[in-house]
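Report on one structure; see the data block that follows.
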Amino acid sequence: MRTQVVIIGGGPSGLLLGQLLHRRGIEAVVLERKTRDYVLGRIRAGVLETGLVRLMEEAGVAERLHREGHVHDGTRIAAGGEMFHLDFKALTGTPVIVYGQTEVTRDLYDAREAAGARTEFEVDHVAIHDADSDRPHVTYTQQGKDHRIDCDFVAGCDGFHGVSRQTIPLSVRREYEKTYPFGWLGILSRTPPVDDELIYANSERGFALCSMRNANLSRYYIQCALSDHPEDWTDAAFWGELRRRIPREVAERLVTGPSIEKSIAPLRSFVTEPMRWGRLFLLGDAAHIVPPTGAKGLNTAASDVHYLYHGLCQFYEDSDPEGIDRYSERALLRVWKAERFSWWFSGLLHRYPDQSPFDLKMQQADIAFLRDNESQQRAFAENYVGLPY
């Protein structure tokens, strides 16, 4: 078999790249290790930057997003029992849209199937060959049979544990990593959100976040120890701890109910350089991971898609390799800015085990500066709604 682009990974970044290329007449085959139902069963965040929304529009898959997504003109920050509002629309002219990552993925799968584009599920032993040549190919097994796809380019959208990054020799790639000394315990509940915007809370007991999926589905998080397990926390214990970390006025109107999903996620900052080796390109978690605090994971993957999509169009439509040659440079410039914001915002809100009284005072001063200074608010809003591509 031969195609122009092999996309390894059938998550949102791989599907979005495939749909964009399809609409420009560039053929791509998507290889996914799991089933479609498994991919759609993953619970992920859903704060979408304007750049991602515009890519969805260009891909022709934004109708349901605009119909069912929730436009957020700002967010709320709580600390010391008080809360203040940051107005994204007033500060930048741009909102964000809350729309679950699962729904983004579902829309992209539906569009791919409607287009008759090829997606291979339950593939194993994926290997990338000759990526540093002009004739790469990918091999894999499926239902016990061996397969080979010859291609022009390979897009690695297969996450942190995938084969794509590991294909780049250690002599070529360099990795940067920071692990955080806590995790996020999150629950999903069929309850109305406690507020019409996200609430980020700093408290002496640790961080908390009040979020939502839709009018009847809420997502809440609390900072927890890395040694904790989801089964250590009953629903009652979770709700009680959340109430203690958010302002009283918010806690009093919180509607609780049984959790329908409960999990703990460790926090990590990670970047690998370069994001291109020959004709292999890394996108999303294959190349970088951010703490979820700033809602940059999916959005930073989308910016990777933007740069590679336009680079491939430039290559095929104009016979110009400039876009793919500069892919890693352009993508990493934005990646590191997203990493910086996520790292800073995490430091603003969480309690660290080694924080001294001086450190805590600096954290309080940083929050007060954000509350009182319009220039700092504008810088925050510009980062949160998404820096330009």
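The way I read the labels, and the way they are meant: chains A, B, ... in the order of the structure tokens, residue 1 as the first residue of every chain, and ligand 1 as the first ligand shown, with later ones counted on from there.
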Within 10 Å of segment 324-329 of chain A using only C-alpha atoms, minus same-chain residues under 3 positions, as a PyMOL selection string: chain A and resi 273-279+281-283+304-315+320-321+332-335
Deliver the residues from the most recent selection as a file, using N, CA and C atoms, as a PDB file, in the first residue's frame.
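And here's out.pdb as it stands now:
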```pdb
ATOM      1  N   GLU A 273      13.268  17.825  21.808  1.00  0.00           N
ATOM      2  CA  GLU A 273      13.748  18.576  20.651  1.00  0.00           C
ATOM      3  C   GLU A 273      14.719  17.710  19.862  1.00  0.00           C
ATOM      4  N   PRO A 274      14.677  17.768  18.542  1.00  0.00           N
ATOM      5  CA  PRO A 274      13.733  18.503  17.705  1.00  0.00           C
ATOM      6  C   PRO A 274      12.415  17.747  17.564  1.00  0.00           C
ATOM      7  N   MET A 275      11.444  18.372  16.940  1.00  0.00           N
ATOM      8  CA  MET A 275      10.153  17.726  16.689  1.00  0.00           C
ATOM      9  C   MET A 275      10.076  17.177  15.260  1.00  0.00           C
ATOM     10  N   ARG A 276      11.201  17.185  14.582  1.00  0.00           N
ATOM     11  CA  ARG A 276      11.263  16.603  13.239  1.00  0.00           C
ATOM     12  C   ARG A 276      12.585  15.874  13.088  1.00  0.00           C
ATOM     13  N   TRP A 277      12.521  14.711  12.474  1.00  0.00           N
ATOM     14  CA  TRP A 277      13.726  13.987  12.091  1.00  0.00           C
ATOM     15  C   TRP A 277      13.482  13.421  10.696  1.00  0.00           C
ATOM     16  N   GLY A 278      14.170  13.997   9.716  1.00  0.00           N
ATOM     17  CA  GLY A 278      13.941  13.570   8.334  1.00  0.00           C
ATOM     18  C   GLY A 278      12.503  13.840   7.924  1.00  0.00           C
ATOM     19  N   ARG A 279      11.789  12.777   7.613  1.00  0.00           N
ATOM     20  CA  ARG A 279      10.390  12.922   7.198  1.00  0.00           C
ATOM     21  C   ARG A 279       9.410  12.444   8.271  1.00  0.00           C
ATOM     22  N   PHE A 281       7.584  13.605  11.800  1.00  0.00           N
ATOM     23  CA  PHE A 281       7.226  14.792  12.566  1.00  0.00           C
ATOM     24  C   PHE A 281       6.480  14.363  13.829  1.00  0.00           C
ATOM     25  N   LEU A 282       6.825  14.974  14.952  1.00  0.00           N
ATOM     26  CA  LEU A 282       6.148  14.690  16.215  1.00  0.00           C
ATOM     27  C   LEU A 282       5.106  15.759  16.496  1.00  0.00           C
ATOM     28  N   LEU A 283       3.944  15.330  16.998  1.00  0.00           N
ATOM     29  CA  LEU A 283       2.873  16.263  17.339  1.00  0.00           C
ATOM     30  C   LEU A 283       2.286  15.884  18.695  1.00  0.00           C
ATOM     31  N   ASP A 304       0.599  22.415  16.757  1.00  0.00           N
ATOM     32  CA  ASP A 304       1.477  21.536  15.968  1.00  0.00           C
ATOM     33  C   ASP A 304       0.798  21.151  14.655  1.00  0.00           C
ATOM     34  N   VAL A 305      -0.477  20.778  14.766  1.00  0.00           N
ATOM     35  CA  VAL A 305      -1.240  20.414  13.566  1.00  0.00           C
ATOM     36  C   VAL A 305      -1.246  21.573  12.579  1.00  0.00           C
ATOM     37  N   HIS A 306      -1.464  22.762  13.079  1.00  0.00           N
ATOM     38  CA  HIS A 306      -1.479  23.944  12.208  1.00  0.00           C
ATOM     39  C   HIS A 306      -0.177  24.067  11.413  1.00  0.00           C
ATOM     40  N   TYR A 307       0.949  23.987  12.113  1.00  0.00           N
ATOM     41  CA  TYR A 307       2.239  24.178  11.429  1.00  0.00           C
ATOM     42  C   TYR A 307       2.522  23.054  10.435  1.00  0.00           C
ATOM     43  N   LEU A 308       2.226  21.805  10.799  1.00  0.00           N
ATOM     44  CA  LEU A 308       2.519  20.708   9.882  1.00  0.00           C
ATOM     45  C   LEU A 308       1.548  20.705   8.712  1.00  0.00           C
ATOM     46  N   TYR A 309       0.281  20.941   8.979  1.00  0.00           N
ATOM     47  CA  TYR A 309      -0.728  20.991   7.913  1.00  0.00           C
ATOM     48  C   TYR A 309      -0.350  22.018   6.858  1.00  0.00           C
ATOM     49  N   HIS A 310      -0.014  23.228   7.287  1.00  0.00           N
ATOM     50  CA  HIS A 310       0.335  24.261   6.314  1.00  0.00           C
ATOM     51  C   HIS A 310       1.659  23.944   5.631  1.00  0.00           C
ATOM     52  N   GLY A 311       2.589  23.325   6.362  1.00  0.00           N
ATOM     53  CA  GLY A 311       3.840  22.937   5.731  1.00  0.00           C
ATOM     54  C   GLY A 311       3.640  21.886   4.651  1.00  0.00           C
ATOM     55  N   LEU A 312       2.760  20.904   4.920  1.00  0.00           N
ATOM     56  CA  LEU A 312       2.495  19.862   3.921  1.00  0.00           C
ATOM     57  C   LEU A 312       1.744  20.433   2.716  1.00  0.00           C
ATOM     58  N   CYS A 313       0.805  21.340   2.955  1.00  0.00           N
ATOM     59  CA  CYS A 313       0.108  21.978   1.832  1.00  0.00           C
ATOM     60  C   CYS A 313       1.091  22.763   0.967  1.00  0.00           C
ATOM     61  N   GLN A 314       2.002  23.465   1.604  1.00  0.00           N
ATOM     62  CA  GLN A 314       3.016  24.225   0.884  1.00  0.00           C
ATOM     63  C   GLN A 314       3.892  23.284   0.053  1.00  0.00           C
ATOM     64  N   PHE A 315       4.209  22.121   0.597  1.00  0.00           N
ATOM     65  CA  PHE A 315       5.045  21.157  -0.106  1.00  0.00           C
ATOM     66  C   PHE A 315       4.320  20.575  -1.317  1.00  0.00           C
ATOM     67  N   ASP A 320       7.174  23.590  -2.385  1.00  0.00           N
ATOM     68  CA  ASP A 320       8.040  24.403  -1.548  1.00  0.00           C
ATOM     69  C   ASP A 320       8.222  23.704  -0.196  1.00  0.00           C
ATOM     70  N   PRO A 321       9.437  23.286   0.161  1.00  0.00           N
ATOM     71  CA  PRO A 321       9.655  22.561   1.408  1.00  0.00           C
ATOM     72  C   PRO A 321       9.857  23.470   2.632  1.00  0.00           C
ATOM     73  N   LEU A 332       8.166  24.536  18.200  1.00  0.00           N
ATOM     74  CA  LEU A 332       8.811  24.624  19.508  1.00  0.00           C
ATOM     75  C   LEU A 332       8.771  26.030  20.086  1.00  0.00           C
ATOM     76  N   LEU A 333       8.812  27.036  19.236  1.00  0.00           N
ATOM     77  CA  LEU A 333       8.733  28.411  19.736  1.00  0.00           C
ATOM     78  C   LEU A 333       7.435  28.623  20.502  1.00  0.00           C
ATOM     79  N   ARG A 334       6.335  28.088  19.987  1.00  0.00           N
ATOM     80  CA  ARG A 334       5.052  28.228  20.675  1.00  0.00           C
ATOM     81  C   ARG A 334       4.922  27.231  21.824  1.00  0.00           C
ATOM     82  N   VAL A 335       5.457  26.039  21.642  1.00  0.00           N
ATOM     83  CA  VAL A 335       5.404  25.019  22.701  1.00  0.00           C
ATOM     84  C   VAL A 335       6.027  25.547  23.986  1.00  0.00           C
TER      85      VAL A 335
END
```
All strand (DSSP E) residues (DSSP, backbone) inside segment 135-275 of chain A, as a VMD selection string: chain A and resid 137 to 142 145 to 150 153 to 156 174 to 189 199 to 202 208 to 214 217 to 224 259 to 273
Write out as a PDB file with C-alpha atoms, in the first residue's frame each polymer residue whose atoms come within 12 Å of Thr234 of chain A, counting only C-alpha atoms; drop sequence neighbours fewer than 5 positions from it.
```
ATOM      1  CA  LEU A 185      -7.764  13.783  41.778  1.00  0.00           C
ATOM      2  CA  ILE A 187     -14.272  13.267  39.372  1.00  0.00           C
ATOM      3  CA  HIS A 229      -5.208   6.111  44.762  1.00  0.00           C
ATOM      4  CA  TRP A 239     -16.918  16.669  48.101  1.00  0.00           C
ATOM      5  CA  GLY A 240     -15.999  17.586  51.645  1.00  0.00           C
ATOM      6  CA  GLU A 241     -12.424  18.415  50.706  1.00  0.00           C
ATOM      7  CA  GLY A 257     -23.852  13.543  43.478  1.00  0.00           C
ATOM      8  CA  PRO A 258     -22.327  10.131  42.770  1.00  0.00           C
ATOM      9  CA  SER A 259     -19.154  10.176  40.712  1.00  0.00           C
ATOM     10  CA  GLU A 261     -15.589   8.583  36.827  1.00  0.00           C
ATOM     11  CA  LYS A 262     -12.741   9.105  39.264  1.00  0.00           C
ATOM     12  CA  SER A 263      -9.033   9.179  38.499  1.00  0.00           C
TER      13      SER A 263
END
```
Top pick for closest residue to Gly69 of chain A, considering A:His288, A:Arg244, A:Arg213, A:Lys361 and counting only C-alpha atoms: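 Residue with the minimum atom-to-atom distance to Gly69 of chain A: A:Arg213.
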Hey, which bits of segment 59-81 of chain A sit within 12 Å of segment 111-132 of chain A, and for each residue what's the closest pair of atoms and how far apart in Å (one decimal), counting only C-alpha atoms, rows by chain and increasing number, as a tab-separated table?
```
residue	atom	partner	partner_atom	distance
A:Ala59	CA	A:Ala111	CA	9.0
A:Gly60	CA	A:Ala111	CA	8.1
A:Val61	CA	A:Ala111	CA	6.9
A:Ala62	CA	A:Ala111	CA	10.5
A:Glu63	CA	A:Ala111	CA	11.4
A:Arg64	CA	A:Ala111	CA	11.8
```
Just C-alpha atoms for this one: save the residues we selected as a compact mmCIF listing (two decimals), in the first residue's frame.
```
# COMPACT_ATOMS: atom_id res chain seq x y z
CA ALA A 59 -11.82 21.00 8.78
CA GLY A 60 -15.60 21.27 8.40
CA VAL A 61 -16.36 19.76 11.82
CA ALA A 62 -17.35 22.74 13.97
CA GLU A 63 -21.14 22.70 13.60
CA ARG A 64 -21.89 20.74 16.79
```
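If you measure from each of A:Leu52, A:Ala208, A:Val194, A:Leu15 to Leu254 of chain A using only C-alpha atoms, the closest one turns out to be A:Val194.
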Pick from A:Thr167, A:Ser133, A:Ser269, A:Thr293, whichever lies nearest to Cys210 of chain A using only C-alpha atoms: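 Using only C-alpha atoms, Cys210 of chain A sits closest to A:Thr293.
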For Glu103 of chain A: contacts at 9 Å, only C-alpha atoms, fewer than 5 positions along chain excluded, given as a PyMOL selection string: chain A and resi 40+46+64-65+108
Point-to-point distance in Å for atom CA of Glu68 of chain A and atom CA of Asn383 of chain A: 24.5 Å
From A:Pro291, A:Gly80, A:Pro12, A:Pro136, residue lying nearest Ser203 of chain A [only C-alpha atoms]: A:Gly80
